[in-house]
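*Asks:* Supplied structure: upload28.json, JSON, C-alpha atoms.
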```json
[["chain", "number", "residue", "atom", "x", "y", "z"],
["A", 189, "MET", "CA", -57.76, 109.94, 80.50],
["A", 190, "ARG", "CA", -54.85, 108.98, 78.27],
["A", 191, "THR", "CA", -53.42, 106.88, 81.09],
["A", 192, "ILE", "CA", -56.74, 105.05, 81.55],
["A", 193, "ILE", "CA", -56.93, 104.25, 77.82],
["A", 194, "MET", "CA", -53.38, 102.86, 77.86],
["A", 195, "MET", "CA", -54.20, 100.68, 80.88],
["A", 196, "LEU", "CA", -57.33, 99.35, 79.18],
["A", 197, "ALA", "CA", -55.29, 98.55, 76.07],
["A", 198, "ILE", "CA", -52.77, 96.62, 78.14],
["A", 199, "ILE", "CA", -55.53, 94.68, 79.92],
["A", 200, "ILE", "CA", -57.34, 93.86, 76.66],
["A", 201, "GLY", "CA", -54.09, 92.86, 74.97],
["A", 202, "GLY", "CA", -53.10, 90.67, 77.90],
["A", 203, "THR", "CA", -56.50, 89.02, 77.87],
["A", 204, "ALA", "CA", -56.12, 88.29, 74.15],
["A", 205, "VAL", "CA", -52.69, 86.71, 74.72],
["A", 206, "MET", "CA", -54.02, 84.66, 77.60],
["A", 207, "GLY", "CA", -56.86, 83.57, 75.39],
["A", 208, "THR", "CA", -54.37, 82.47, 72.76],
["A", 209, "TRP", "CA", -52.39, 80.52, 75.37],
["A", 210, "SER", "CA", -55.61, 78.91, 76.52],
["A", 211, "LEU", "CA", -56.47, 77.83, 72.99],
["A", 212, "HIS", "CA", -52.98, 76.41, 72.48],
["A", 213, "GLY", "CA", -53.29, 74.51, 75.72],
["A", 214, "GLN", "CA", -56.33, 72.68, 74.32],
["A", 215, "VAL", "CA", -54.38, 71.04, 71.48],
["A", 216, "PRO", "CA", -54.70, 67.25, 72.01],
["A", 217, "MET", "CA", -51.54, 65.34, 72.87],
["A", 218, "ALA", "CA", -50.09, 63.13, 70.14],
["A", 219, "LYS", "CA", -50.07, 59.43, 70.97],
["A", 220, "THR", "CA", -47.49, 58.22, 68.46],
["A", 221, "GLN", "CA", -43.70, 58.14, 68.14],
["A", 222, "ALA", "CA", -41.55, 58.66, 65.07],
["A", 223, "PRO", "CA", -41.49, 55.64, 62.72],
["A", 224, "GLY", "CA", -39.76, 52.70, 64.37],
["A", 225, "PHE", "CA", -36.58, 52.27, 62.37],
["A", 226, "PHE", "CA", -32.95, 53.01, 63.18],
["A", 227, "ARG", "CA", -29.89, 52.56, 60.98],
["A", 228, "THR", "CA", -26.28, 51.90, 61.93],
["A", 229, "MET", "CA", -23.22, 50.59, 60.12],
["A", 230, "VAL", "CA", -21.31, 47.40, 60.86],
["A", 231, "GLY", "CA", -18.27, 47.68, 58.66],
["A", 232, "ASP", "CA", -19.64, 48.07, 55.13],
["A", 233, "PHE", "CA", -23.03, 46.57, 56.06],
["A", 234, "GLN", "CA", -25.99, 48.71, 56.99],
["A", 235, "VAL", "CA", -28.17, 47.30, 59.77],
["A", 236, "THR", "CA", -31.66, 48.70, 60.24],
["A", 237, "ALA", "CA", -33.57, 47.94, 63.43],
["A", 238, "LEU", "CA", -37.30, 47.62, 62.79],
["A", 239, "ASN", "CA", -39.78, 47.83, 65.65],
["A", 240, "ASP", "CA", -42.90, 45.67, 65.55],
["A", 241, "GLY", "CA", -44.43, 47.12, 68.73],
["A", 242, "VAL", "CA", -43.94, 47.66, 72.45],
["A", 243, "ILE", "CA", -45.94, 45.57, 74.93],
["A", 244, "PRO", "CA", -46.02, 46.18, 78.72],
["A", 245, "TRP", "CA", -44.94, 43.21, 80.85],
["A", 246, "PRO", "CA", -44.72, 42.96, 84.65],
["A", 247, "THR", "CA", -41.13, 42.03, 85.43],
["A", 248, "LYS", "CA", -42.11, 39.30, 87.88],
["A", 249, "THR", "CA", -44.12, 37.62, 85.12],
["A", 250, "VAL", "CA", -41.12, 37.61, 82.79],
["A", 251, "LEU", "CA", -38.60, 36.62, 85.50],
["A", 252, "PRO", "CA", -40.58, 34.55, 88.02],
["A", 253, "THR", "CA", -37.52, 33.54, 90.08],
["A", 254, "ALA", "CA", -36.18, 37.09, 90.46],
["A", 255, "THR", "CA", -36.36, 38.47, 93.99],
["A", 256, "ALA", "CA", -38.20, 41.66, 94.82],
["A", 257, "GLU", "CA", -34.85, 43.23, 95.67],
["A", 258, "GLN", "CA", -33.32, 42.29, 92.30],
["A", 259, "ILE", "CA", -36.30, 43.72, 90.43],
["A", 260, "GLU", "CA", -36.46, 46.91, 92.48],
["A", 261, "LYS", "CA", -32.71, 47.53, 92.13],
["A", 262, "GLY", "CA", -32.65, 46.79, 88.40],
["A", 263, "LEU", "CA", -35.61, 49.00, 87.58],
["A", 264, "PHE", "CA", -34.32, 51.86, 89.75],
["A", 265, "GLU", "CA", -30.85, 51.78, 88.16],
["A", 266, "THR", "CA", -32.34, 51.94, 84.66],
["A", 267, "GLY", "CA", -35.05, 54.49, 85.50],
["A", 268, "LEU", "CA", -37.92, 52.10, 84.75],
["A", 269, "THR", "CA", -41.19, 51.27, 86.48],
["A", 270, "ASP", "CA", -43.38, 48.21, 86.25],
["A", 271, "PRO", "CA", -44.88, 47.10, 83.96],
["A", 272, "VAL", "CA", -41.94, 47.60, 81.62],
["A", 273, "GLY", "CA", -42.57, 48.18, 77.92],
["A", 274, "MET", "CA", -40.91, 45.29, 76.09],
["A", 275, "SER", "CA", -39.78, 46.08, 72.54],
["A", 276, "TYR", "CA", -40.43, 43.57, 69.77],
["A", 277, "ASN", "CA", -37.63, 44.12, 67.22],
["A", 278, "ALA", "CA", -36.40, 42.66, 63.95],
["A", 279, "PHE", "CA", -33.25, 43.53, 62.01],
["A", 280, "LEU", "CA", -32.68, 44.20, 58.32],
["A", 281, "VAL", "CA", -29.13, 43.76, 57.01],
["A", 282, "ASN", "CA", -28.08, 45.34, 53.71],
["A", 283, "THR", "CA", -24.79, 43.74, 52.69],
["A", 284, "GLY", "CA", -24.61, 45.70, 49.44],
["A", 285, "THR", "CA", -25.55, 42.62, 47.42],
["A", 286, "LYS", "CA", -28.22, 41.02, 49.63],
["A", 287, "LEU", "CA", -31.08, 42.37, 51.73],
["A", 288, "VAL", "CA", -31.54, 40.01, 54.68],
["A", 289, "LEU", "CA", -34.35, 40.27, 57.24],
["A", 290, "ILE", "CA", -33.83, 38.54, 60.59],
["A", 291, "ASP", "CA", -37.28, 37.75, 62.05],
["A", 292, "VAL", "CA", -40.51, 39.26, 60.74],
["A", 293, "GLY", "CA", -42.69, 40.31, 63.68],
["A", 294, "THR", "CA", -46.26, 39.20, 64.40],
["A", 295, "GLY", "CA", -47.87, 40.36, 61.19],
["A", 296, "GLY", "CA", -50.65, 41.77, 63.37],
["A", 297, "LYS", "CA", -52.13, 38.28, 63.65],
["A", 298, "LEU", "CA", -52.16, 38.03, 67.44],
["A", 299, "ASN", "CA", -53.96, 41.14, 68.65],
["A", 300, "ASP", "CA", -56.48, 39.02, 70.57],
["A", 301, "SER", "CA", -53.66, 38.07, 72.97],
["A", 302, "PRO", "CA", -52.41, 40.54, 75.61],
["A", 303, "ALA", "CA", -48.88, 39.24, 74.98],
["A", 304, "PHE", "CA", -48.94, 40.60, 71.42],
["A", 305, "ARG", "CA", -51.69, 43.24, 71.34],
["A", 306, "GLY", "CA", -50.37, 46.39, 69.68],
["A", 307, "ALA", "CA", -47.64, 44.64, 67.71],
["A", 308, "GLY", "CA", -47.72, 44.25, 63.94],
["A", 309, "LEU", "CA", -45.95, 47.49, 62.97],
["A", 310, "LEU", "CA", -42.97, 45.96, 61.19],
["A", 311, "LEU", "CA", -44.22, 46.32, 57.62],
["A", 312, "ALA", "CA", -45.12, 49.98, 58.11],
["A", 313, "ASN", "CA", -41.70, 50.63, 59.60],
["A", 314, "LEU", "CA", -39.97, 48.67, 56.84],
["A", 315, "ARG", "CA", -41.64, 50.92, 54.27],
["A", 316, "ALA", "CA", -40.93, 54.04, 56.33],
["A", 317, "ALA", "CA", -37.27, 53.01, 56.23],
["A", 318, "GLY", "CA", -37.43, 53.07, 52.43],
["A", 319, "TYR", "CA", -37.80, 49.38, 51.60],
["A", 320, "GLU", "CA", -40.50, 47.21, 49.99],
["A", 321, "THR", "CA", -41.27, 43.59, 50.82],
["A", 322, "GLU", "CA", -40.36, 42.54, 47.28],
["A", 323, "GLN", "CA", -36.79, 43.72, 47.81],
["A", 324, "VAL", "CA", -36.01, 41.27, 50.64],
["A", 325, "ASP", "CA", -33.74, 38.48, 49.37],
["A", 326, "GLU", "CA", -33.45, 36.27, 52.45],
["A", 327, "ILE", "CA", -35.29, 35.80, 55.76],
["A", 328, "TYR", "CA", -33.55, 34.17, 58.72],
["A", 329, "ILE", "CA", -35.61, 33.05, 61.71],
["A", 330, "THR", "CA", -34.12, 33.02, 65.21],
["A", 331, "HIS", "CA", -36.87, 30.71, 66.49],
["A", 332, "LEU", "CA", -40.56, 29.94, 66.12],
["A", 333, "GLY", "CA", -41.94, 32.41, 68.65],
["A", 334, "PRO", "CA", -45.19, 33.81, 67.16],
["A", 335, "ASP", "CA", -43.81, 37.35, 67.43],
["A", 336, "HIS", "CA", -40.85, 36.32, 65.27],
["A", 337, "ILE", "CA", -42.65, 34.49, 62.43],
["A", 338, "GLY", "CA", -46.23, 35.81, 62.31],
["A", 339, "GLY", "CA", -45.35, 38.31, 59.60],
["A", 340, "LEU", "CA", -44.29, 35.66, 57.08],
["A", 341, "THR", "CA", -47.69, 35.68, 55.38],
["A", 342, "GLN", "CA", -50.58, 37.95, 54.51],
["A", 343, "GLY", "CA", -53.58, 35.70, 54.25],
["A", 344, "SER", "CA", -52.30, 32.60, 52.47],
["A", 345, "LYS", "CA", -49.66, 34.47, 50.46],
["A", 346, "PRO", "CA", -46.04, 35.12, 51.39],
["A", 347, "THR", "CA", -45.44, 38.63, 52.63],
["A", 348, "PHE", "CA", -41.98, 38.57, 51.04],
["A", 349, "PRO", "CA", -42.64, 37.05, 47.62],
["A", 350, "ASN", "CA", -39.04, 36.95, 46.41],
["A", 351, "ALA", "CA", -37.30, 35.90, 49.61],
["A", 352, "LYS", "CA", -35.70, 32.60, 50.52],
["A", 353, "LEU", "CA", -36.74, 31.54, 54.06],
["A", 354, "ARG", "CA", -34.14, 29.80, 56.24],
["A", 355, "ALA", "CA", -34.22, 28.41, 59.79],
["A", 356, "ALA", "CA", -32.42, 25.85, 61.93],
["A", 357, "LYS", "CA", -33.53, 22.26, 61.35],
["A", 358, "ALA", "CA", -33.58, 21.64, 65.11],
["A", 359, "GLU", "CA", -36.16, 24.41, 65.42],
["A", 360, "VAL", "CA", -38.53, 23.63, 62.55],
["A", 361, "ALA", "CA", -38.42, 19.86, 62.02],
["A", 362, "VAL", "CA", -40.64, 19.02, 64.97],
["A", 363, "PHE", "CA", -43.39, 21.30, 63.65],
["A", 364, "LEU", "CA", -43.08, 20.58, 59.97],
["A", 365, "GLU", "CA", -42.82, 16.82, 60.46],
["A", 366, "ASP", "CA", -45.29, 16.63, 63.38],
["A", 367, "ARG", "CA", -43.17, 14.34, 65.51],
["A", 368, "GLY", "CA", -42.57, 14.43, 69.23],
["A", 369, "LEU", "CA", -44.87, 17.36, 69.82],
["A", 370, "GLN", "CA", -45.80, 18.34, 73.34],
["A", 371, "ARG", "CA", -49.41, 19.34, 73.96],
["A", 372, "GLY", "CA", -48.58, 23.05, 74.14],
["A", 373, "ASP", "CA", -46.62, 22.82, 70.90],
["A", 374, "SER", "CA", -49.46, 21.01, 69.14],
["A", 375, "VAL", "CA", -51.71, 24.02, 69.61],
["A", 376, "TRP", "CA", -49.29, 26.17, 67.66],
["A", 377, "ARG", "CA", -48.40, 23.65, 64.95],
["A", 378, "PRO", "CA", -51.10, 24.68, 62.39],
["A", 379, "PHE", "CA", -50.21, 28.35, 62.90],
["A", 380, "ARG", "CA", -46.50, 27.78, 62.41],
["A", 381, "ALA", "CA", -46.75, 25.26, 59.58],
["A", 382, "GLY", "CA", -49.19, 27.54, 57.74],
["A", 383, "LEU", "CA", -46.72, 30.39, 57.81],
["A", 384, "PHE", "CA", -43.99, 28.26, 56.26],
["A", 385, "GLU", "CA", -46.24, 26.53, 53.72],
["A", 386, "PRO", "CA", -46.21, 29.10, 50.90],
["A", 387, "TYR", "CA", -42.42, 29.31, 50.99],
["A", 388, "ILE", "CA", -42.10, 25.51, 50.99],
["A", 389, "LYS", "CA", -44.51, 25.17, 48.07],
["A", 390, "ALA", "CA", -42.58, 27.78, 46.11],
["A", 391, "GLY", "CA", -39.28, 25.94, 46.74],
["A", 392, "ARG", "CA", -37.96, 28.88, 48.73],
["A", 393, "PHE", "CA", -37.43, 27.29, 52.15],
["A", 394, "GLU", "CA", -34.17, 25.76, 53.40],
["A", 395, "ASP", "CA", -33.22, 24.49, 56.83],
["A", 396, "PHE", "CA", -29.69, 24.15, 58.16],
["A", 397, "ASP", "CA", -28.14, 22.09, 60.96],
["A", 398, "GLN", "CA", -24.71, 23.66, 61.47],
["A", 399, "ASP", "CA", -23.22, 27.08, 62.18],
["A", 400, "ILE", "CA", -22.89, 27.75, 58.47],
["A", 401, "VAL", "CA", -22.30, 30.87, 56.42],
["A", 402, "LEU", "CA", -25.67, 31.74, 54.89],
["A", 403, "VAL", "CA", -24.51, 34.62, 52.70],
["A", 404, "PRO", "CA", -21.06, 36.24, 52.72],
["A", 405, "GLY", "CA", -20.76, 38.08, 56.04],
["A", 406, "ILE", "CA", -23.69, 36.42, 57.84],
["A", 407, "ARG", "CA", -23.30, 33.19, 59.78],
["A", 408, "ALA", "CA", -25.69, 31.13, 61.89],
["A", 409, "LEU", "CA", -24.78, 30.61, 65.55],
["A", 410, "ALA", "CA", -26.66, 27.91, 67.47],
["A", 411, "THR", "CA", -27.86, 29.15, 70.89],
["A", 412, "PRO", "CA", -30.39, 26.50, 72.02],
["A", 413, "GLY", "CA", -32.21, 26.85, 75.30],
["A", 414, "HIS", "CA", -34.95, 29.38, 74.86],
["A", 415, "THR", "CA", -36.18, 26.93, 72.23],
["A", 416, "PRO", "CA", -34.56, 23.69, 70.98],
["A", 417, "GLY", "CA", -33.19, 25.23, 67.80],
["A", 418, "HIS", "CA", -32.85, 28.84, 68.86],
["A", 419, "THR", "CA", -30.34, 30.54, 66.56],
["A", 420, "SER", "CA", -28.43, 33.81, 66.79],
["A", 421, "TYR", "CA", -26.70, 35.33, 63.79],
["A", 422, "LEU", "CA", -23.20, 36.78, 63.40],
["A", 423, "ILE", "CA", -22.91, 39.78, 61.08],
["A", 424, "GLU", "CA", -19.27, 40.41, 60.09],
["A", 425, "SER", "CA", -17.80, 43.13, 57.89],
["A", 426, "LYS", "CA", -14.49, 45.01, 57.78],
["A", 427, "GLY", "CA", -13.36, 43.77, 61.20],
["A", 428, "GLN", "CA", -16.64, 44.61, 62.95],
["A", 429, "THR", "CA", -19.09, 42.04, 64.30],
["A", 430, "LEU", "CA", -22.69, 42.22, 65.45],
["A", 431, "ILE", "CA", -24.53, 39.32, 67.09],
["A", 432, "VAL", "CA", -28.29, 39.27, 66.55],
["A", 433, "LEU", "CA", -29.25, 37.65, 69.85],
["A", 434, "GLY", "CA", -32.83, 36.60, 69.23],
["A", 435, "ASP", "CA", -34.50, 35.93, 72.59],
["A", 436, "LEU", "CA", -31.44, 35.47, 74.80],
["A", 437, "VAL", "CA", -32.57, 38.54, 76.79],
["A", 438, "HIS", "CA", -36.13, 39.60, 77.63],
["A", 439, "ALA", "CA", -35.61, 41.91, 80.61],
["A", 440, "GLY", "CA", -32.37, 43.78, 80.07],
["A", 441, "ALA", "CA", -32.80, 45.94, 83.17],
["A", 442, "ILE", "CA", -32.36, 42.80, 85.28],
["A", 443, "GLN", "CA", -30.70, 40.11, 83.16],
["A", 444, "PHE", "CA", -27.49, 41.98, 82.34],
["A", 445, "THR", "CA", -26.79, 42.16, 86.05],
["A", 446, "TYR", "CA", -28.21, 38.70, 86.74],
["A", 447, "PRO", "CA", -27.78, 36.59, 83.56],
["A", 448, "SER", "CA", -28.51, 33.43, 85.57],
["A", 449, "LEU", "CA", -32.17, 34.46, 85.89],
["A", 450, "PRO", "CA", -34.28, 32.42, 83.46],
["A", 451, "THR", "CA", -37.40, 33.76, 81.77],
["A", 452, "VAL", "CA", -40.84, 32.22, 81.93],
["A", 453, "PHE", "CA", -40.61, 31.73, 78.15],
["A", 454, "ASP", "CA", -37.53, 29.46, 78.14],
["A", 455, "ALA", "CA", -38.17, 25.85, 77.11],
["A", 456, "ASP", "CA", -34.87, 24.77, 78.67],
["A", 457, "GLN", "CA", -34.01, 27.21, 81.43],
["A", 458, "LYS", "CA", -30.56, 25.80, 82.15],
["A", 459, "GLY", "CA", -29.73, 25.84, 78.46],
["A", 460, "GLY", "CA", -31.02, 29.40, 78.12],
["A", 461, "ILE", "CA", -28.85, 30.55, 81.05],
["A", 462, "ALA", "CA", -25.76, 28.82, 79.63],
["A", 463, "GLN", "CA", -26.20, 30.44, 76.21],
["A", 464, "ARG", "CA", -26.90, 33.88, 77.66],
["A", 465, "GLU", "CA", -23.76, 33.74, 79.80],
["A", 466, "ARG", "CA", -21.70, 32.42, 76.87],
["A", 467, "ILE", "CA", -22.80, 35.16, 74.48],
["A", 468, "PHE", "CA", -22.51, 37.92, 77.12],
["A", 469, "ARG", "CA", -18.93, 36.83, 77.81],
["A", 470, "LEU", "CA", -18.09, 36.58, 74.10],
["A", 471, "ALA", "CA", -19.58, 39.97, 73.22],
["A", 472, "ALA", "CA", -17.92, 41.70, 76.18],
["A", 473, "GLU", "CA", -14.48, 40.17, 75.56],
["A", 474, "LYS", "CA", -14.50, 40.77, 71.80],
["A", 475, "ASP", "CA", -16.24, 44.17, 71.93],
["A", 476, "TYR", "CA", -18.92, 42.92, 69.54],
["A", 477, "TRP", "CA", -22.07, 44.83, 68.79],
["A", 478, "VAL", "CA", -25.23, 43.01, 69.83],
["A", 479, "ALA", "CA", -28.85, 43.41, 68.75],
["A", 480, "GLY", "CA", -31.70, 42.06, 70.84],
["A", 481, "ALA", "CA", -35.25, 41.23, 69.82],
["A", 482, "HIS", "CA", -36.56, 42.40, 73.19],
["A", 483, "LEU", "CA", -34.06, 45.04, 74.23],
["A", 484, "SER", "CA", -35.45, 48.57, 74.29],
["A", 485, "PHE", "CA", -35.68, 49.80, 70.70],
["A", 486, "PRO", "CA", -33.51, 49.99, 68.68],
["A", 487, "GLY", "CA", -32.05, 47.17, 70.76],
["A", 488, "ILE", "CA", -28.48, 47.68, 69.51],
["A", 489, "GLY", "CA", -25.44, 48.31, 71.69],
["A", 490, "HIS", "CA", -22.50, 46.74, 73.50],
["A", 491, "ILE", "CA", -22.24, 44.57, 76.59],
["A", 492, "ARG", "CA", -19.66, 45.72, 79.11],
["A", 493, "SER", "CA", -18.16, 43.64, 81.91],
["A", 494, "GLU", "CA", -17.27, 45.47, 85.10],
["A", 495, "GLN", "CA", -16.38, 44.01, 88.50],
["A", 496, "GLY", "CA", -17.94, 40.65, 87.78],
["A", 497, "ARG", "CA", -21.20, 41.97, 86.34],
["A", 498, "TYR", "CA", -22.44, 43.00, 82.94],
["A", 499, "ARG", "CA", -24.09, 46.21, 81.88],
["A", 500, "TRP", "CA", -25.79, 47.40, 78.71],
["A", 501, "ALA", "CA", -24.28, 50.27, 76.68],
["A", 502, "PRO", "CA", -26.86, 51.29, 74.06],
["A", 503, "VAL", "CA", -25.89, 52.60, 70.65],
["A", 504, "ASN", "CA", -25.55, 56.36, 70.29],
["A", 505, "TYR", "CA", -28.13, 58.01, 68.04],
["A", 506, "THR", "CA", -26.48, 59.11, 64.79],
["A", 507, "ILE", "CA", -27.53, 60.05, 61.28],
["A", 508, "PRO", "CA", -25.84, 57.90, 58.57],
["A", 509, "ASP", "CA", -23.54, 59.73, 56.16]]
```
What does this structure look like when you write it as structure tokens?

*Replies:*
Amino acid sequence: MRTIIMMLAIIIGGTAVMGTWSLHGQVPMAKTQAPGFFRTMVGDFQVTALNDGVIPWPTKTVLPTATAEQIEKGLFETGLTDPVGMSYNAFLVNTGTKLVLIDVGTGGKLNDSPAFRGAGLLLANLRAAGYETEQVDEIYITHLGPDHIGGLTQGSKPTFPNAKLRAAKAEVAVFLEDRGLQRGDSVWRPFRAGLFEPYIKAGRFEDFDQDIVLVPGIRALATPGHTPGHTSYLIESKGQTLIVLGDLVHAGAIQFTYPSLPTVFDADQKGGIAQRERIFRLAAEKDYWVAGAHLSFPGIGHIRSEQGRYRWAPVNYTIPD
């Protein structure tokens, strides 16, 4: 009898545990990641990558001239499958005296377009990183892609009320002065001009036409091709250098191996290829850090050159001291 009671107890207890497991198994899966910010140091400067969203893109759409073999090989070597989630990143640089934001995301203005649907997270990630919009001193624009400038305003007001906005003259003049516009550009002119307007009215917009030092430790670097005035930025401190690429790379799984592959987004494909190859060579030879707007978040790492080809070496995850 005692044996039977013990067996019943074991069965009942096991059933209770199984019931608990069953209940735990019904917990819904979370659909979010940790906040999209990542910090690293470049000399004495702190650089914070800010993610605005991740949008899936078929590789053949991004790189229309890539062969099936190139795509298959590149995706296999990097453990990816199509469509590939493309990160939309911006970068915040704290020099110790200035807080500089390079690109500002979509501002959530373009969710009706599949190319931008799901983006617009930059402000939330900026705040999660411990910053407020009022603290940003300067904004530098790599180019006028909607996913790089959409966050400049909220309604008709500047998102960053105390910031000076700066961009290359070759990039903005055609839109602000309405001259020589192509039909496709004309569609975007009101959108782009409207984003710049509150900064212009407040006397807080400046353009530049040379590779000038904008603040101590940050210098403009003309890289035209993707757009006429596309600009990268050199961040330099204590012997370390980081190049904020902008849109020189859209599909890192393929373009590091085949930098001569243009993207569908390039206004001047030959120019885009020339700049990509130039900056890849420079970064690899000088061991510079690079940060890419569309490299997998946080988009920071090194470019290595091996046996006539380049490869991407992403930053190691660390916690700042």

*Asks:* Contacts of region 300-305 of chain A at 9 Å or less, counting all atoms listed in the file, minus same-chain residues fewer than 2 places along, as a list in words?

*Replies:*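 Result of the neighbour search: Gly241, Val242, Ile243, Pro244, Trp245, Thr294, Gly296, Lys297, Leu298, Ala307, Gly308, Pro334 and Asp335 of chain A.
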
*Asks:* So that I can see what lies close to region 426-443 of chain A, please list as a VMD selection string the residues with an atom at most 6 Å from it, counting all atoms listed in the file and leaving out residues fewer than 4 positions away in the same chain.

*Replies:* chain A and resid 230 to 231 262 330 420 to 422 447 464 476 to 482

*Asks:* For CA of Asp454 (chain A) and CA of Lys357 (chain A), quote the distance in Å rounded to one decimal.

*Replies:*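 Calculated distance between CA of Asp454 (chain A) and CA of Lys357 (chain A) is 18.7 Å.
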
*Asks:* Name the residues within 10 Å of (-31.0, 24.4, 62.4), counting only C-alpha atoms in the file's coordinates, and put them as a tab-separated table (two decimals) with C-alpha atoms, in the coordinates of the input.

*Replies:*
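Output (out_24.tsv):
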```tsv
chain	number	residue	atom	x	y	z
A	329	ILE	CA	-35.61	33.05	61.71
A	330	THR	CA	-34.12	33.02	65.21
A	331	HIS	CA	-36.87	30.71	66.49
A	354	ARG	CA	-34.14	29.80	56.24
A	355	ALA	CA	-34.22	28.41	59.79
A	356	ALA	CA	-32.42	25.85	61.93
A	357	LYS	CA	-33.53	22.26	61.35
A	358	ALA	CA	-33.58	21.64	65.11
A	359	GLU	CA	-36.16	24.41	65.42
A	360	VAL	CA	-38.53	23.63	62.55
A	361	ALA	CA	-38.42	19.86	62.02
A	394	GLU	CA	-34.17	25.76	53.40
A	395	ASP	CA	-33.22	24.49	56.83
A	396	PHE	CA	-29.69	24.15	58.16
A	397	ASP	CA	-28.14	22.09	60.96
A	398	GLN	CA	-24.71	23.66	61.47
A	399	ASP	CA	-23.22	27.08	62.18
A	400	ILE	CA	-22.89	27.75	58.47
A	408	ALA	CA	-25.69	31.13	61.89
A	409	LEU	CA	-24.78	30.61	65.55
A	410	ALA	CA	-26.66	27.91	67.47
A	412	PRO	CA	-30.39	26.50	72.02
A	416	PRO	CA	-34.56	23.69	70.98
A	417	GLY	CA	-33.19	25.23	67.80
A	418	HIS	CA	-32.85	28.84	68.86
A	419	THR	CA	-30.34	30.54	66.56
```

*Asks:* Identify which of the residues A:Val292, A:Pro450, A:Thr236, A:Phe384 lies closest to Pro252 (chain A), counting all atoms listed in the file when measuring atom-to-atom distances.

*Replies:*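 Once distances to Pro252 (chain A) are computed over all atoms listed in the file, the minimum belongs to A:Pro450.
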
*Asks:* Find the residues around Leu383 (chain A) up to 9 Å (only C-alpha atoms counted), leave out those fewer than 6 positions away in its own chain, and share them as a list in words.

*Replies:*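 Here the answer would be Ile337, Gly338, Gly339, Leu340, Thr341, Ser344, Lys345 and Pro346 of chain A.
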
*Asks:* Go ahead and compute the interatomic distance for CA of Ser484 (chain A) and CA of Ile290 (chain A), in Å to one decimal.

*Replies:*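 Going from CA of Ser484 (chain A) over to CA of Ile290 (chain A), I get 17.1 Å.
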
*Asks:* Quick one: of A:Thr411, A:Glu385, A:Gly318, A:Val401, who's nearest to Gly343 (chain A), counting only C-alpha atoms?

*Replies:*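 Residue with the minimum atom-to-atom distance to Gly343 (chain A): A:Glu385.
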
*Asks:* Between CA of Glu320 (chain A) and CA of Leu332 (chain A), what is the distance, to one decimal in Å?

*Replies:*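 Computing it gives 23.6 Å between the two atoms.
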
*Asks:* Taking (-20.8, 47.2, 72.3) in the coordinates of the supplied file, I want to know which residues reach to within 12 Å of it, counting only C-alpha atoms; could you give the answer as a ChimeraX atom specification?

*Replies:* /A:230,428-431,468-479,487-493,498-504

*Asks:* When you look at Gln323 (chain A) with a cut-off of 9 Å (counting all atoms listed in the file), what residues show up, excluding the ones that are within fewer than 2 positions of it in the same chain? I need them as JSON, numbers by chain.

*Replies:* {"A": [287, 319, 320, 321, 325, 348, 349, 350, 351]}

*Asks:* Restricting the output to C-alpha atoms, write the selected residues as an mmCIF file, in the coordinates of the input.

*Replies:*
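For reference, again_16.cif as written:
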```cif
data_model
loop_
_atom_site.group_PDB
_atom_site.id
_atom_site.type_symbol
_atom_site.label_atom_id
_atom_site.label_comp_id
_atom_site.auth_asym_id
_atom_site.auth_seq_id
_atom_site.Cartn_x
_atom_site.Cartn_y
_atom_site.Cartn_z
ATOM 1 C CA LEU A 287 -31.080 42.370 51.730
ATOM 2 C CA TYR A 319 -37.800 49.380 51.600
ATOM 3 C CA GLU A 320 -40.500 47.210 49.990
ATOM 4 C CA THR A 321 -41.270 43.590 50.820
ATOM 5 C CA ASP A 325 -33.740 38.480 49.370
ATOM 6 C CA PHE A 348 -41.980 38.570 51.040
ATOM 7 C CA PRO A 349 -42.640 37.050 47.620
ATOM 8 C CA ASN A 350 -39.040 36.950 46.410
ATOM 9 C CA ALA A 351 -37.300 35.900 49.610
#
```

*Asks:* So that I can check the surroundings of Thr283 (chain A), please list as a PyMOL selection string every protein, DNA and RNA residue that reaches within 7 Å of it, counting only C-alpha atoms and ignoring chain neighbours fewer than 2 positions away.

*Replies:* chain A and resi 233-234+281+285-287

*Asks:* Using all atoms listed in the file, which residue out of A:Thr255, A:Thr228, A:Thr347, A:Gln457 lies closest to Pro386 (chain A)?

*Replies:*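 Under the stated criterion, the closest residue is A:Thr347.
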
*Asks:* Name the closest residue to Tyr505 (chain A) among the candidates A:Thr415, A:Ala278, A:Gly295, A:Phe485; distances are taken between atoms, counting all atoms listed in the file.

*Replies:* A:Phe485

*Asks:* Could you check the closest approach to Thr445 (chain A) for each of A:Met217, A:Leu263, A:Leu364, A:Met229 and tell me which residue wins, using only C-alpha atoms?

*Replies:*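 Looking only at the distances to Thr445 (chain A), the closest residue turns out to be A:Leu263.
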
*Asks:* I need the residue nearest Gly293 (chain A) from this list: A:Ala237, A:Ala317, A:Val272, A:Ala218. Use only C-alpha atoms for the distance.

*Replies:*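 Using only C-alpha atoms, Gly293 (chain A) sits closest to A:Ala237.
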